[in-house]
$ cat upload.csv   # CSV, C-alpha atoms and all ligand atoms
chain,number,residue,atom,x,y,z
C,1,MET,CA,-33.8,-24.2,16.2
C,2,SER,CA,-33.8,-21.3,18.7
C,3,ARG,CA,-33.1,-17.9,17.2
C,4,PRO,CA,-30.1,-15.8,18.4
C,5,ALA,CA,-30.9,-13.1,21.0
C,6,VAL,CA,-30.0,-9.5,20.0
C,7,LEU,CA,-30.0,-6.3,22.0
C,8,VAL,CA,-30.8,-2.9,20.4
C,9,ALA,CA,-29.0,-0.7,22.9
C,10,ARG,CA,-30.5,2.7,21.9
C,11,ALA,CA,-33.7,3.6,20.2
C,12,VAL,CA,-33.5,3.3,16.4
C,13,PHE,CA,-36.1,3.5,13.6
C,14,PRO,CA,-39.0,1.0,14.5
C,15,GLU,CA,-38.9,-0.5,11.0
C,16,VAL,CA,-35.3,-1.5,11.6
C,17,VAL,CA,-36.2,-3.2,14.9
C,18,GLU,CA,-39.1,-5.0,13.2
C,19,ARG,CA,-36.7,-6.2,10.5
C,20,LEU,CA,-34.3,-7.5,13.2
C,21,ALA,CA,-37.3,-9.2,14.9
C,22,THR,CA,-37.9,-11.4,11.7
C,23,HIS,CA,-34.5,-13.0,12.4
C,24,PHE,CA,-33.8,-12.7,16.1
C,25,GLU,CA,-35.3,-12.6,19.6
C,26,VAL,CA,-34.9,-8.8,20.0
C,27,GLU,CA,-34.8,-6.8,23.2
C,28,ALA,CA,-35.0,-3.1,22.2
C,29,ASN,CA,-34.6,0.1,24.1
C,30,PRO,CA,-37.5,2.0,22.6
C,31,ASP,CA,-37.6,4.8,25.2
C,32,ASP,CA,-33.9,5.5,24.6
C,33,VAL,CA,-32.9,5.1,28.2
C,34,ILE,CA,-29.3,5.9,28.6
C,35,TRP,CA,-28.1,2.8,30.5
C,36,SER,CA,-25.3,2.8,32.9
C,37,ARG,CA,-22.5,0.4,32.1
C,38,ALA,CA,-23.8,-2.0,34.7
C,39,GLU,CA,-27.3,-1.8,33.2
C,40,LEU,CA,-25.9,-2.3,29.7
C,41,ILE,CA,-24.1,-5.4,30.9
C,42,ALA,CA,-27.3,-6.7,32.6
C,43,HIS,CA,-29.2,-6.2,29.3
C,44,LEU,CA,-26.5,-8.0,27.4
C,45,GLN,CA,-26.8,-11.2,29.4
C,46,GLY,CA,-27.9,-14.0,27.1
C,47,LYS,CA,-27.4,-11.8,24.0
C,48,ALA,CA,-25.3,-13.0,21.0
C,49,GLY,CA,-25.4,-9.7,19.2
C,50,VAL,CA,-25.9,-6.0,19.9
C,51,LEU,CA,-26.6,-2.9,17.9
C,52,THR,CA,-24.8,0.1,19.4
C,53,THR,CA,-24.7,3.7,18.4
C,54,GLY,CA,-21.1,4.6,19.2
C,55,SER,CA,-21.2,5.7,22.8
C,56,GLU,CA,-21.2,2.3,24.4
C,57,ARG,CA,-17.6,1.4,25.5
C,58,ILE,CA,-16.9,-2.2,24.4
C,59,ASP,CA,-13.7,-3.4,26.2
C,60,ALA,CA,-12.2,-6.4,27.9
C,61,ASP,CA,-14.2,-6.0,31.2
C,62,LEU,CA,-17.5,-5.8,29.4
C,63,LEU,CA,-16.7,-8.7,27.2
C,64,ALA,CA,-15.6,-10.8,30.2
C,65,ALA,CA,-19.0,-10.0,31.8
C,66,CYS,CA,-20.9,-11.0,28.6
C,67,PRO,CA,-19.5,-14.3,27.5
C,68,GLY,CA,-22.2,-15.1,25.0
C,69,LEU,CA,-21.6,-11.9,22.9
C,70,ARG,CA,-20.3,-12.6,19.4
C,71,ILE,CA,-20.9,-9.4,17.4
C,72,VAL,CA,-21.2,-5.7,18.1
C,73,ALA,CA,-22.7,-3.7,15.2
C,74,ASN,CA,-22.1,0.1,15.5
C,75,MET,CA,-24.5,2.4,13.8
C,76,ALA,CA,-21.6,4.8,13.1
C,77,VAL,CA,-18.6,5.0,10.9
C,78,GLY,CA,-16.4,5.8,13.9
C,79,TYR,CA,-15.7,3.0,16.3
C,80,ASN,CA,-13.5,4.5,18.9
C,81,ASN,CA,-15.9,3.0,21.4
C,82,PHE,CA,-14.5,-0.4,20.5
C,83,ASP,CA,-11.3,-1.7,22.1
C,84,VAL,CA,-10.6,-3.6,18.9
C,85,ALA,CA,-7.7,-5.6,20.3
C,86,ALA,CA,-9.8,-6.8,23.3
C,87,MET,CA,-12.7,-7.7,21.0
C,88,THR,CA,-10.4,-9.6,18.6
C,89,ALA,CA,-8.8,-11.4,21.6
C,90,ALA,CA,-12.2,-12.4,22.8
C,91,GLY,CA,-13.3,-13.5,19.3
C,92,VAL,CA,-16.0,-10.9,19.2
C,93,LEU,CA,-16.6,-9.2,15.8
C,94,GLY,CA,-17.1,-5.5,15.5
C,95,THR,CA,-18.8,-3.8,12.5
C,96,ASN,CA,-19.2,-0.1,11.6
C,97,ALA,CA,-21.4,1.8,9.2
C,98,PRO,CA,-19.1,3.4,6.5
C,99,ASP,CA,-20.0,4.9,3.1
C,100,VAL,CA,-23.7,5.4,3.6
C,101,LEU,CA,-23.1,8.6,5.5
C,102,THR,CA,-20.2,10.1,3.5
C,103,GLU,CA,-22.0,12.6,1.3
C,104,THR,CA,-24.5,13.7,4.0
C,105,THR,CA,-21.7,14.3,6.5
C,106,ALA,CA,-19.7,16.2,3.9
C,107,ASP,CA,-22.7,18.4,3.1
C,108,PHE,CA,-22.9,19.2,6.8
C,109,GLY,CA,-19.2,20.0,6.9
C,110,MET,CA,-19.8,22.7,4.2
C,111,ALA,CA,-22.9,23.9,6.2
C,112,LEU,CA,-20.8,24.3,9.3
C,113,LEU,CA,-18.0,26.0,7.4
C,114,LEU,CA,-20.4,28.5,5.7
C,115,ALA,CA,-22.3,29.2,8.9
C,116,THR,CA,-19.1,29.8,10.8
C,117,ALA,CA,-17.3,31.9,8.2
C,118,ARG,CA,-20.3,34.0,7.4
C,119,ARG,CA,-21.5,34.3,11.0
C,120,VAL,CA,-25.0,32.9,10.3
C,121,CYS,CA,-25.9,31.9,13.8
C,122,GLU,CA,-24.4,35.0,15.5
C,123,SER,CA,-26.3,37.3,13.2
C,124,GLU,CA,-29.5,35.4,13.6
C,125,HIS,CA,-29.3,35.7,17.4
C,126,PHE,CA,-28.7,39.5,17.0
C,127,LEU,CA,-31.8,39.7,14.8
C,128,ARG,CA,-34.0,37.6,17.2
C,129,ALA,CA,-32.9,39.7,20.1
C,130,GLY,CA,-34.4,42.8,18.4
C,131,LEU,CA,-31.0,44.4,18.0
C,132,TRP,CA,-31.1,45.1,14.2
C,133,LYS,CA,-31.9,48.8,13.8
C,134,ASN,CA,-30.3,49.6,10.4
C,135,TRP,CA,-28.3,48.2,7.5
C,136,ARG,CA,-24.7,48.9,8.1
C,137,TYR,CA,-21.7,48.5,5.8
C,138,ASP,CA,-19.8,46.6,8.6
C,139,LEU,CA,-22.6,44.5,10.1
C,140,PHE,CA,-21.4,40.9,10.6
C,141,LEU,CA,-18.5,41.0,8.2
C,142,GLY,CA,-17.4,37.4,7.7
C,143,ALA,CA,-14.6,35.5,6.1
C,144,GLU,CA,-14.5,34.7,2.4
C,145,VAL,CA,-15.2,31.1,1.6
C,146,HIS,CA,-15.0,30.9,-2.2
C,147,GLY,CA,-11.4,31.3,-3.4
C,148,SER,CA,-10.0,30.8,0.1
C,149,THR,CA,-7.7,28.0,1.3
C,150,LEU,CA,-9.3,25.0,3.1
C,151,GLY,CA,-7.0,22.7,5.1
C,152,ILE,CA,-8.5,19.2,5.8
C,153,ILE,CA,-6.9,17.1,8.5
C,154,GLY,CA,-8.0,13.4,7.9
C,155,MET,CA,-8.5,12.6,4.3
C,156,GLY,CA,-10.6,9.5,4.4
C,157,ARG,CA,-13.9,9.1,2.5
C,158,ILE,CA,-15.6,12.1,4.3
C,159,GLY,CA,-12.5,14.3,3.9
C,160,GLN,CA,-12.4,13.6,0.2
C,161,ALA,CA,-16.1,14.3,-0.2
C,162,VAL,CA,-15.6,17.7,1.5
C,163,ALA,CA,-12.6,18.4,-0.7
C,164,ARG,CA,-14.6,17.8,-3.9
C,165,ARG,CA,-17.3,20.2,-2.7
C,166,ALA,CA,-14.8,22.8,-1.7
C,167,ALA,CA,-12.6,22.6,-4.8
C,168,LEU,CA,-15.3,22.1,-7.5
C,169,GLY,CA,-18.2,24.0,-5.9
C,170,PHE,CA,-16.5,26.9,-4.1
C,171,GLY,CA,-13.2,27.2,-6.1
C,172,MET,CA,-11.2,26.7,-2.9
C,173,ARG,CA,-7.6,25.8,-2.8
C,174,VAL,CA,-7.6,22.5,-0.8
C,175,LEU,CA,-4.7,21.3,1.2
C,176,TYR,CA,-4.8,18.1,3.3
C,177,HIS,CA,-2.8,16.3,5.9
C,178,ASN,CA,-3.3,12.6,6.5
C,179,ARG,CA,-1.4,9.7,8.1
C,180,SER,CA,-0.6,8.6,4.6
C,181,ARG,CA,-0.5,10.5,1.3
C,182,LEU,CA,-3.3,9.6,-1.2
C,183,ALA,CA,-2.6,8.2,-4.6
C,184,GLY,CA,-2.1,10.9,-7.3
C,185,GLU,CA,-5.3,10.2,-9.1
C,186,ILE,CA,-7.4,10.4,-5.9
C,187,GLU,CA,-5.7,13.8,-5.1
C,188,ALA,CA,-6.5,15.0,-8.6
C,189,ALA,CA,-10.1,13.8,-8.3
C,190,CYS,CA,-10.7,15.8,-5.2
C,191,GLY,CA,-8.4,18.7,-6.1
C,192,ALA,CA,-6.3,18.5,-3.0
C,193,ARG,CA,-2.6,18.8,-2.3
C,194,TYR,CA,-0.7,17.0,0.5
C,195,VAL,CA,1.2,19.2,3.0
C,196,GLU,CA,2.7,18.8,6.5
C,197,LYS,CA,0.4,19.6,9.3
C,198,ASP,CA,2.4,22.7,10.3
C,199,GLU,CA,2.1,24.2,6.8
C,200,LEU,CA,-1.6,23.4,6.7
C,201,LEU,CA,-2.2,25.2,10.1
C,202,ARG,CA,-0.1,28.2,9.1
C,203,THR,CA,-1.6,28.7,5.6
C,204,ALA,CA,-5.2,27.6,5.7
C,205,ASP,CA,-8.0,30.1,6.0
C,206,HIS,CA,-10.3,27.4,7.2
C,207,VAL,CA,-9.2,24.2,8.9
C,208,MET,CA,-11.6,21.2,8.9
C,209,LEU,CA,-11.0,18.1,11.1
C,210,VAL,CA,-12.3,14.8,9.6
C,211,LEU,CA,-10.0,12.3,11.2
C,212,PRO,CA,-10.9,9.3,13.4
C,213,TYR,CA,-10.4,9.6,17.2
C,214,SER,CA,-7.7,7.5,18.8
C,215,ALA,CA,-5.0,7.9,21.4
C,216,GLU,CA,-2.8,9.3,18.7
C,217,SER,CA,-5.3,11.9,17.5
C,218,HIS,CA,-6.2,13.0,21.0
C,219,HIS,CA,-5.9,16.8,21.1
C,220,THR,CA,-4.6,17.0,17.5
C,221,ILE,CA,-5.6,20.7,18.0
C,222,GLY,CA,-4.5,22.3,21.3
C,223,ALA,CA,-3.1,25.6,22.3
C,224,GLU,CA,0.1,25.2,20.3
C,225,GLU,CA,-1.7,24.3,17.1
C,226,LEU,CA,-4.2,27.1,17.5
C,227,ALA,CA,-1.3,29.6,18.0
C,228,ARG,CA,0.0,28.5,14.6
C,229,MET,CA,-3.3,29.3,12.8
C,230,LYS,CA,-4.0,32.7,11.2
C,231,PRO,CA,-5.9,35.1,13.5
C,232,THR,CA,-8.5,35.3,10.7
C,233,ALA,CA,-8.9,31.5,10.4
C,234,THR,CA,-11.8,29.3,11.3
C,235,LEU,CA,-11.7,25.8,12.7
C,236,ILE,CA,-14.4,23.2,12.0
C,237,ASN,CA,-14.6,19.9,14.0
C,238,LEU,CA,-16.7,17.3,12.1
C,239,ALA,CA,-14.8,14.3,13.5
C,240,ARG,CA,-14.9,13.5,17.3
C,241,GLY,CA,-14.7,15.4,20.5
C,242,GLY,CA,-11.3,14.9,22.1
C,243,ILE,CA,-9.5,15.7,18.8
C,244,VAL,CA,-9.7,19.3,19.9
C,245,ASP,CA,-8.8,20.6,23.3
C,246,ASP,CA,-12.1,22.4,23.9
C,247,ALA,CA,-10.8,24.5,26.8
C,248,ALA,CA,-7.8,25.8,24.8
C,249,LEU,CA,-10.2,26.5,21.8
C,250,ALA,CA,-12.6,28.5,24.0
C,251,ARG,CA,-9.6,30.6,25.2
C,252,ALA,CA,-8.4,31.1,21.7
C,253,LEU,CA,-11.9,32.2,20.5
C,254,ARG,CA,-12.4,34.5,23.4
C,255,GLU,CA,-9.0,36.2,22.9
C,256,ARG,CA,-9.7,36.2,19.1
C,257,ARG,CA,-6.5,34.3,18.4
C,258,ILE,CA,-8.6,32.6,15.7
C,259,ALA,CA,-11.7,34.2,14.2
C,260,ALA,CA,-14.3,31.5,14.8
C,261,ALA,CA,-15.1,27.8,15.1
C,262,GLY,CA,-17.9,25.4,14.1
C,263,LEU,CA,-18.2,22.3,16.2
C,264,ASP,CA,-20.5,19.3,15.8
C,265,VAL,CA,-18.7,17.1,18.4
C,266,PHE,CA,-17.3,17.8,21.8
C,267,GLU,CA,-15.1,16.3,24.5
C,268,GLY,CA,-17.4,14.4,26.9
C,269,GLU,CA,-20.5,15.2,24.9
C,270,PRO,CA,-23.4,15.7,25.4
C,271,ARG,CA,-21.7,17.9,27.9
C,272,VAL,CA,-20.3,21.0,26.3
C,273,HIS,CA,-17.4,22.9,27.8
C,274,PRO,CA,-19.1,25.8,29.6
C,275,ASP,CA,-16.6,28.4,28.1
C,276,LEU,CA,-17.7,27.4,24.6
C,277,LEU,CA,-21.3,28.3,25.5
C,278,THR,CA,-20.4,31.9,26.4
C,279,VAL,CA,-18.2,32.9,23.4
C,280,PRO,CA,-20.1,34.4,20.5
C,281,ASN,CA,-17.8,33.3,17.7
C,282,VAL,CA,-18.6,29.6,17.7
C,283,VAL,CA,-21.3,27.6,16.0
C,284,LEU,CA,-22.4,24.6,18.1
C,285,THR,CA,-24.5,21.7,16.8
C,286,PRO,CA,-25.4,18.5,18.7
C,287,HIS,CA,-23.5,15.8,16.7
C,288,ILE,CA,-25.9,15.9,13.7
C,289,ALA,CA,-23.6,15.8,10.7
C,290,SER,CA,-25.2,12.5,9.5
C,291,ALA,CA,-28.7,13.4,10.6
C,292,THR,CA,-31.0,13.1,7.6
C,293,ARG,CA,-33.7,10.6,7.7
C,294,GLY,CA,-32.4,8.7,4.7
C,295,THR,CA,-28.8,8.6,5.9
C,296,ARG,CA,-29.7,7.6,9.5
C,297,LEU,CA,-32.0,4.9,8.2
C,298,ALA,CA,-29.3,3.6,5.9
C,299,MET,CA,-26.8,3.5,8.9
C,300,ALA,CA,-29.3,1.6,11.0
C,301,ASN,CA,-30.1,-0.8,8.2
C,302,LEU,CA,-26.4,-1.4,7.6
C,303,ALA,CA,-25.9,-2.2,11.3
C,304,ALA,CA,-28.9,-4.6,11.0
C,305,ASP,CA,-27.5,-6.1,7.8
C,306,ASN,CA,-24.2,-6.8,9.6
C,307,LEU,CA,-26.1,-8.6,12.4
C,308,ILE,CA,-28.3,-10.6,10.0
C,309,ASP,CA,-25.4,-11.5,7.6
C,310,PHE,CA,-23.2,-12.5,10.5
C,311,PHE,CA,-25.7,-15.1,11.8
C,312,THR,CA,-27.0,-16.3,8.4
C,313,THR,CA,-24.1,-16.3,5.9
C,314,GLY,CA,-21.2,-15.6,8.3
C,315,ARG,CA,-20.2,-12.7,6.0
C,316,PRO,CA,-21.0,-9.4,7.5
C,317,ARG,CA,-20.6,-6.4,5.2
C,318,THR,CA,-18.4,-4.0,7.1
C,319,PRO,CA,-16.3,-5.8,9.7
C,320,VAL,CA,-13.6,-3.8,11.5
C,321,ASN,CA,-11.7,-6.9,12.8
C,322,PRO,CA,-12.4,-9.5,10.0
C,323,GLN,CA,-9.7,-11.8,11.4
C,324,VAL,CA,-12.3,-12.9,13.9
C,325,LEU,CA,-14.2,-14.5,11.0
C,326,ARG,CA,-11.4,-16.8,9.9
E,1,LIG,C1,-23.3,9.1,14.2
E,1,LIG,C2,-20.9,9.6,13.7
E,1,LIG,O1,-24.5,9.6,14.0
E,1,LIG,O2,-20.9,7.8,12.2
E,1,LIG,C3,-20.3,8.4,13.1
E,1,LIG,O3,-19.1,8.0,13.4
E,1,LIG,O4,-20.2,10.3,14.4
E,1,LIG,C4,-22.3,9.9,13.5
E,1,LIG,O5,-22.6,9.8,12.1
E,1,LIG,C5,-23.1,8.9,15.7
E,1,LIG,O6,-21.8,8.3,16.0
E,1,LIG,C6,-24.1,8.1,16.4
E,1,LIG,O7,-24.3,6.8,15.7

$ encode --input "upload.csv" --output "structure tokens"
Amino acid sequence: MSRPAVLVARAVFPEVVERLATHFEVEANPDDVIWSRAELIAHLQGKAGVLTTGSERIDADLLAACPGLRIVANMAVGYNNFDVAAMTAAGVLGTNAPDVLTETTADFGMALLLATARRVCESEHFLRAGLWKNWRYDLFLGAEVHGSTLGIIGMGRIGQAVARRAALGFGMRVLYHNRSRLAGEIEAACGARYVEKDELLRTADHVMLVLPYSAESHHTIGAEELARMKPTATLINLARGGIVDDAALARALRERRIAAAGLDVFEGEPRVHPDLLTVPNVVLTPHIASATRGTRLAMANLAADNLIDFFTTGRPRTPVNPQVLR
């Protein structure tokens, strides 16, 4: 029997490609060429499955152009690159990569919070530029992290893992806002209290965004929300570009309407709003919150498991539209 053909749309760990090759006819993109949409569609011809990394838009047009496609396995927990309704209508399964990245991503949330509040990058640039002449009592005074109030918007797995670190490790008061309120025992386990978004914005010393991107969450933080935050507050975006209006944020940072921001994701990344590149009070990282070898390997292996299970047992591990399987 002929083996299904699978595309690996971006470079991933060679051992994962080798694993896939024991089950499938694999075409991989080892040089990590960023294909145009037309090129992606061309490479998808004759493929029954594809491993994606989250930046490939899978919608009705692409599905119509790739009639043999049956499964798209994202190596990411976020799947805002999927038009889930179009995929379901076309009978194409989508899978994501949850859980395996939760703790690593939450670690990075704390790293970004600490670096932002305590001005780690700004002070390092100052030192490297040879500007450090003397110890001074007011050199790079930052914001307190321990004992302060953290407001988390989006309280899924990663939000909860951040809350545990903040409450238990740093003695922070943790407020959260989410589409739905968590069960009491989950709130207690992560030491967090539900509040309305407005209260969170007005009272938090640090606001962290950990919610999925969708049409509803587009520009959850814009000029109006930034105006409600304390002038001493910091904003951390660990979620997706597009959740923050980056132009409005750059203005608020420049005018010191909030103290600082830490951003791992950007609207239209890898392009970064030019105004963000020129304000000093922002920490910028290139979408690396899940980037440890162990975690990225686990994410790639979970995407591979989903492809293998789909074609062998018909029971992929983490489907996002399981109704396609029935
Ligand atoms: C990924 C992420 O590294 O999982 C997600 O949703 O944002 C990151 O962990 C990125 O999407 C590329 O796969």

$ residues_near_ligand --input "upload.csv" --ligand "ligand LIG 1 (chain E)" --cutoff "8 Å" --atoms "all atoms listed in the file" --output "PyMOL selection string"
chain C and resi 52-55+74-79+97-98+101+105+239-240+287-291+296+299

$ closest_residue --input "upload.csv" --among "C:Val162, C:Asn306, C:Ala28, C:Ala223" --to "Ala111 of chain C" --atoms "only C-alpha atoms"
C:Val162

$ atom_distance --input "upload.csv" --atom1 "atom CA of Asp31 of chain C" --atom2 "atom CA of Val12 of chain C"
9.8 Å

$ closest_residue --input "upload.csv" --among "C:Glu25, C:Glu18, C:Asp275, C:Glu199" --to "Val6 of chain C" --atoms "all atoms listed in the file"
C:Glu25

$ atom_distance --input "upload.csv" --atom1 "atom CA of Leu51 of chain C" --atom2 "atom CA of Asn96 of chain C"
10.1 Å

$ closest_residue --input "upload.csv" --among "C:Leu93, C:Ala204, C:Met229, C:Leu141" --to "Ser123 of chain C" --atoms "only C-alpha atoms"
C:Leu141

$ residues_near_point --input "upload.csv" --point "(-34.8, -7.8, 11.3)" --cutoff "12 Å" --atoms "all atoms listed in the file" --output "ChimeraX atom specification"
/C:3-8,13-28,51,300-309,311-312

$ atom_distance --input "upload.csv" --atom1 "atom CA of Ser217 of chain C" --atom2 "atom CA of Val244 of chain C"
8.9 Å

$ residues_around --input "upload.csv" --residues "segment 187-193 of chain C" --least-positions-apart "2" --cutoff "8 Å" --atoms "all atoms listed in the file" --output "ChimeraX atom specification"
/C:160-161,163-164,167-168,173-176,182-185,195

$ residues_around --input "upload.csv" --residues "Ile71 of chain C" --least-positions-apart "6" --cutoff "6 Å" --atoms "only C-alpha atoms" --output "list in words"
Gly49, Val92, Leu93 and Gly94 of chain C

$ residues_around --input "upload.csv" --residues "His273 of chain C" --least-positions-apart "3" --cutoff "7 Å" --atoms "all atoms listed in the file" --output "list in words"
Asp246, Ala247 and Leu276 of chain C

$ residues_around --input "upload.csv" --residues "Pro322 of chain C" --least-positions-apart "4" --cutoff "9 Å" --atoms "all atoms listed in the file" --output "list in words"
Thr88, Leu93, Gly94, Thr95, Pro316, Thr318 and Arg326 of chain C

$ closest_residue --input "upload.csv" --among "C:Leu200, C:Ala86, C:Ala9, C:Leu211" --to "Pro30 of chain C" --atoms "all atoms listed in the file"
C:Ala9

$ residues_around --input "upload.csv" --residues "Asn80 of chain C" --least-positions-apart "4" --cutoff "8 Å" --atoms "only C-alpha atoms" --output "VMD selection string"
chain C and resid 54 212 to 214

$ decode --input "upload.csv" --residues "segment 20-95 of chain C" --atoms "C-alpha atoms" --output "JSON list (two decimals), in the first residue's frame"
[["chain", "number", "residue", "atom", "x", "y", "z"],
["C", 20, "LEU", "CA", 7.89, 11.16, 10.03],
["C", 21, "ALA", "CA", 9.81, 9.50, 7.17],
["C", 22, "THR", "CA", 9.35, 6.09, 8.81],
["C", 23, "HIS", "CA", 5.58, 6.50, 8.26],
["C", 24, "PHE", "CA", 5.16, 8.85, 5.29],
["C", 25, "GLU", "CA", 6.59, 10.04, 2.00],
["C", 26, "VAL", "CA", 7.98, 13.29, 3.38],
["C", 27, "GLU", "CA", 8.84, 16.50, 1.59],
["C", 28, "ALA", "CA", 10.60, 18.79, 4.06],
["C", 29, "ASN", "CA", 11.73, 22.41, 3.87],
["C", 30, "PRO", "CA", 15.18, 21.96, 5.45],
["C", 31, "ASP", "CA", 16.49, 25.37, 4.37],
["C", 32, "ASP", "CA", 13.52, 27.03, 6.03],
["C", 33, "VAL", "CA", 12.57, 28.96, 2.90],
["C", 34, "ILE", "CA", 9.61, 31.20, 3.66],
["C", 35, "TRP", "CA", 7.26, 30.14, 0.89],
["C", 36, "SER", "CA", 4.75, 32.52, -0.62],
["C", 37, "ARG", "CA", 1.18, 31.32, -0.40],
["C", 38, "ALA", "CA", 1.32, 30.20, -4.06],
["C", 39, "GLU", "CA", 4.52, 28.25, -3.33],
["C", 40, "LEU", "CA", 2.96, 26.66, -0.24],
["C", 41, "ILE", "CA", -0.05, 25.60, -2.32],
["C", 42, "ALA", "CA", 2.28, 24.19, -4.99],
["C", 43, "HIS", "CA", 4.21, 22.17, -2.39],
["C", 44, "LEU", "CA", 0.91, 20.92, -0.91],
["C", 45, "GLN", "CA", -0.20, 19.29, -4.16],
["C", 46, "GLY", "CA", -0.56, 15.55, -3.64],
["C", 47, "LYS", "CA", -0.05, 15.89, 0.14],
["C", 48, "ALA", "CA", -2.51, 14.37, 2.62],
["C", 49, "GLY", "CA", -0.97, 16.05, 5.66],
["C", 50, "VAL", "CA", 1.17, 19.04, 6.57],
["C", 51, "LEU", "CA", 3.16, 20.11, 9.61],
["C", 52, "THR", "CA", 2.89, 23.89, 10.03],
["C", 53, "THR", "CA", 4.37, 26.28, 12.56],
["C", 54, "GLY", "CA", 1.55, 28.75, 12.97],
["C", 55, "SER", "CA", 2.25, 31.36, 10.32],
["C", 56, "GLU", "CA", 0.67, 29.52, 7.36],
["C", 57, "ARG", "CA", -2.90, 30.73, 6.79],
["C", 58, "ILE", "CA", -5.16, 27.72, 6.24],
["C", 59, "ASP", "CA", -8.46, 28.96, 4.82],
["C", 60, "ALA", "CA", -11.17, 28.04, 2.30],
["C", 61, "ASP", "CA", -9.15, 29.22, -0.73],
["C", 62, "LEU", "CA", -6.10, 27.19, 0.21],
["C", 63, "LEU", "CA", -8.23, 24.13, 0.98],
["C", 64, "ALA", "CA", -10.01, 24.41, -2.37],
["C", 65, "ALA", "CA", -6.62, 24.49, -4.08],
["C", 66, "CYS", "CA", -5.38, 21.43, -2.14],
["C", 67, "PRO", "CA", -8.21, 18.88, -2.40],
["C", 68, "GLY", "CA", -6.11, 15.94, -1.16],
["C", 69, "LEU", "CA", -5.27, 17.59, 2.19],
["C", 70, "ARG", "CA", -6.79, 15.84, 5.24],
["C", 71, "ILE", "CA", -4.85, 17.11, 8.26],
["C", 72, "VAL", "CA", -2.91, 20.24, 9.25],
["C", 73, "ALA", "CA", -0.77, 19.75, 12.37],
["C", 74, "ASN", "CA", 0.36, 23.04, 13.94],
["C", 75, "MET", "CA", 3.56, 23.03, 15.99],
["C", 76, "ALA", "CA", 2.03, 25.72, 18.23],
["C", 77, "VAL", "CA", -0.64, 25.92, 20.87],
["C", 78, "GLY", "CA", -2.15, 28.95, 19.10],
["C", 79, "TYR", "CA", -4.02, 28.20, 15.90],
["C", 80, "ASN", "CA", -5.25, 31.59, 14.78],
["C", 81, "ASN", "CA", -3.71, 30.71, 11.39],
["C", 82, "PHE", "CA", -6.57, 28.20, 10.97],
["C", 83, "ASP", "CA", -9.99, 29.16, 9.66],
["C", 84, "VAL", "CA", -11.51, 26.37, 11.75],
["C", 85, "ALA", "CA", -14.98, 26.71, 10.21],
["C", 86, "ALA", "CA", -13.57, 26.43, 6.67],
["C", 87, "MET", "CA", -11.43, 23.44, 7.66],
["C", 88, "THR", "CA", -14.38, 21.70, 9.30],
["C", 89, "ALA", "CA", -16.59, 22.40, 6.27],
["C", 90, "ALA", "CA", -13.90, 20.89, 4.02],
["C", 91, "GLY", "CA", -13.52, 17.87, 6.34],
["C", 92, "VAL", "CA", -9.89, 18.79, 7.11],
["C", 93, "LEU", "CA", -8.65, 18.15, 10.66],
["C", 94, "GLY", "CA", -6.56, 20.72, 12.49],
["C", 95, "THR", "CA", -4.39, 19.89, 15.49]]
